[in-house]
Amino acid sequence: MFQLQGPQLLQMLEKSLRKCLPESLKEMVDNWDHYTNTYQIYSKDPNICQEFLVSPEVINWKQHLQIQSSQSNLNEVIQNLAARKPFKVKHTERFLYMEPDTVKKLIPSLFDVKNLPPGGGKPKAFNQEMLKLSSLDVTHAALVNKYWHFGGNERSQRFIERCIQNFPTFCLLGPEEKPVCWDLMDQTGEIRMAGTLPEYRKQGLISYIVYIQTQALNKLGFPIYSHVDKNNKIMQKMSDNLHHIRMPCTWNQWNCVPL
């Protein structure tokens, strides 16, 4: 590793990096698709952050987009940008959870076994004779889209289809070989879009699926995290029972729509 000095070397590096943009950025061609037009931001200095966010080369503010971050103090920065640029913004803040092994690897100072709830962090048993562990097929995207809080439209279904095609998924199939419970991963690596058919709820099925997915992703070396609505006491209790650890920071999302 060596330090780059001078504007010419920096320009050469920028051109080289632009040729290696990930496919996820190359797919950001639909100005109305905020599911794909997603940015993850972390800044050591939010005040400086505003200077580069205003640049159209960093974010295409003409698109419907969303910004995600673990820094709630970015809200002031983004709201200030909204006052200067022609777009409206909606901020969503939720609890952020991490799986214990992920915390031990990335933030060991936060891991305290004494503060974990009793039990081994495993889901309760259920009758597995009627349900079969499997993975989702792209034809299941419509079902997931129907129950996803952030979904329910054509673009969200296309986004779910791409997640199913490209990332690990888990589900339980019922007697008719149709999913009754499922869990996905999105392009940020987060466990998302978990759902259970109404007639199969209150049986601990989602806990089982999340547990199985966690075990599999751990073996693949993925950091495991998810967000939970602050009013969703059921999912918070499930996260606690699985020994997932609530982070001191929160999960934040800003949906930005140009005017």
# chains A, B, ... in the order shown; residues from 1 in each chain; ligands from 1
>>> residues_around(residues="stretch 54-66 of chain A", least_positions_apart="3", cutoff="6 Å", atoms="only C-alpha atoms", output="ChimeraX atom specification")
/A:31-32,34,37-38,51,254-258
>>> residues_around(residues="A:Tyr200", least_positions_apart="6", cutoff="10 Å", atoms="only C-alpha atoms", output="list in words")
Gly174, Val180, Cys181 and Ile206 of chain A
>>> residues_around(residues="stretch 88-94 of chain A", least_positions_apart="4", cutoff="8 Å", atoms="only C-alpha atoms", output="PDB file with C-alpha atoms, in the first residue's frame")
ATOM      1  CA  SER A  72     -29.254   8.654  13.219  1.00  0.00           C
ATOM      2  CA  ASN A  75     -30.953  12.932   9.679  1.00  0.00           C
ATOM      3  CA  GLN A  79     -33.023  17.132   6.023  1.00  0.00           C
ATOM      4  CA  ALA A  82     -33.850  18.365   1.269  1.00  0.00           C
ATOM      5  CA  HIS A 227     -33.750  -4.336  11.952  1.00  0.00           C
ATOM      6  CA  VAL A 228     -37.016  -4.479  13.887  1.00  0.00           C
ATOM      7  CA  ASP A 229     -39.797  -1.933  14.137  1.00  0.00           C
ATOM      8  CA  LYS A 230     -39.875  -0.255  17.548  1.00  0.00           C
ATOM      9  CA  THR A 250     -30.290   2.289  15.331  1.00  0.00           C
ATOM     10  CA  TRP A 251     -31.133   1.279  11.759  1.00  0.00           C
ATOM     11  CA  ASN A 252     -32.116   4.341   9.756  1.00  0.00           C
ATOM     12  CA  GLN A 253     -33.613   4.743   6.315  1.00  0.00           C
ATOM     13  CA  TRP A 254     -34.387   7.891   4.366  1.00  0.00           C
ATOM     14  CA  ASN A 255     -36.742   7.596   1.410  1.00  0.00           C
ATOM     15  CA  CYS A 256     -36.078  10.484  -0.935  1.00  0.00           C
ATOM     16  CA  VAL A 257     -38.461  11.497  -3.717  1.00  0.00           C
ATOM     17  CA  PRO A 258     -37.608  14.281  -6.196  1.00  0.00           C
ATOM     18  CA  LEU A 259     -40.193  17.020  -6.593  1.00  0.00           C
TER      19      LEU A 259
END
>>> closest_residue(among="A:Lys233, A:Arg84, A:Arg192, A:Lys219", to="A:Tyr147", atoms="only C-alpha atoms")
A:Arg192
>>> select_by_dssp(residues="stretch 88-181 of chain A", states="alpha helix (DSSP H)", output="MDAnalysis selection string")
chainID A and resid 100:106 141:147 154:166
>>> residues_around(residues="stretch 148-164 of chain A", least_positions_apart="3", cutoff="12 Å", atoms="only C-alpha atoms", output="PyMOL selection string")
chain A and resi 24+27-28+30-38+64+66+92+135-145+167-171+182-197+228-229+232+253+255
>>> atom_distance(atom1="atom CA of A:Leu106", atom2="atom CA of A:Cys249")
14.4 Å
>>> select_by_dssp(residues="stretch 34-229 of chain A", states="strand (DSSP E)", output="PyMOL selection string")
chain A and resi 38-40+65-69+87-98+132-134+170-173+179-185+191-196+225-228
>>> closest_residue(among="A:Ile234, A:Ile78, A:Ala125, A:Met130", to="A:Tyr211", atoms="only C-alpha atoms")
A:Ala125
>>> closest_residue(among="A:Asn127, A:Thr102, A:Gln215, A:Asn166", to="A:His244", atoms="only C-alpha atoms")
A:Thr102
>>> closest_residue(among="A:Asn241, A:Ser226, A:Asn231, A:Ser69", to="A:Ser207", atoms="only C-alpha atoms")
A:Asn241
>>> atom_distance(atom1="atom CA of A:Ser43", atom2="atom CA of A:Pro223")
20.1 Å
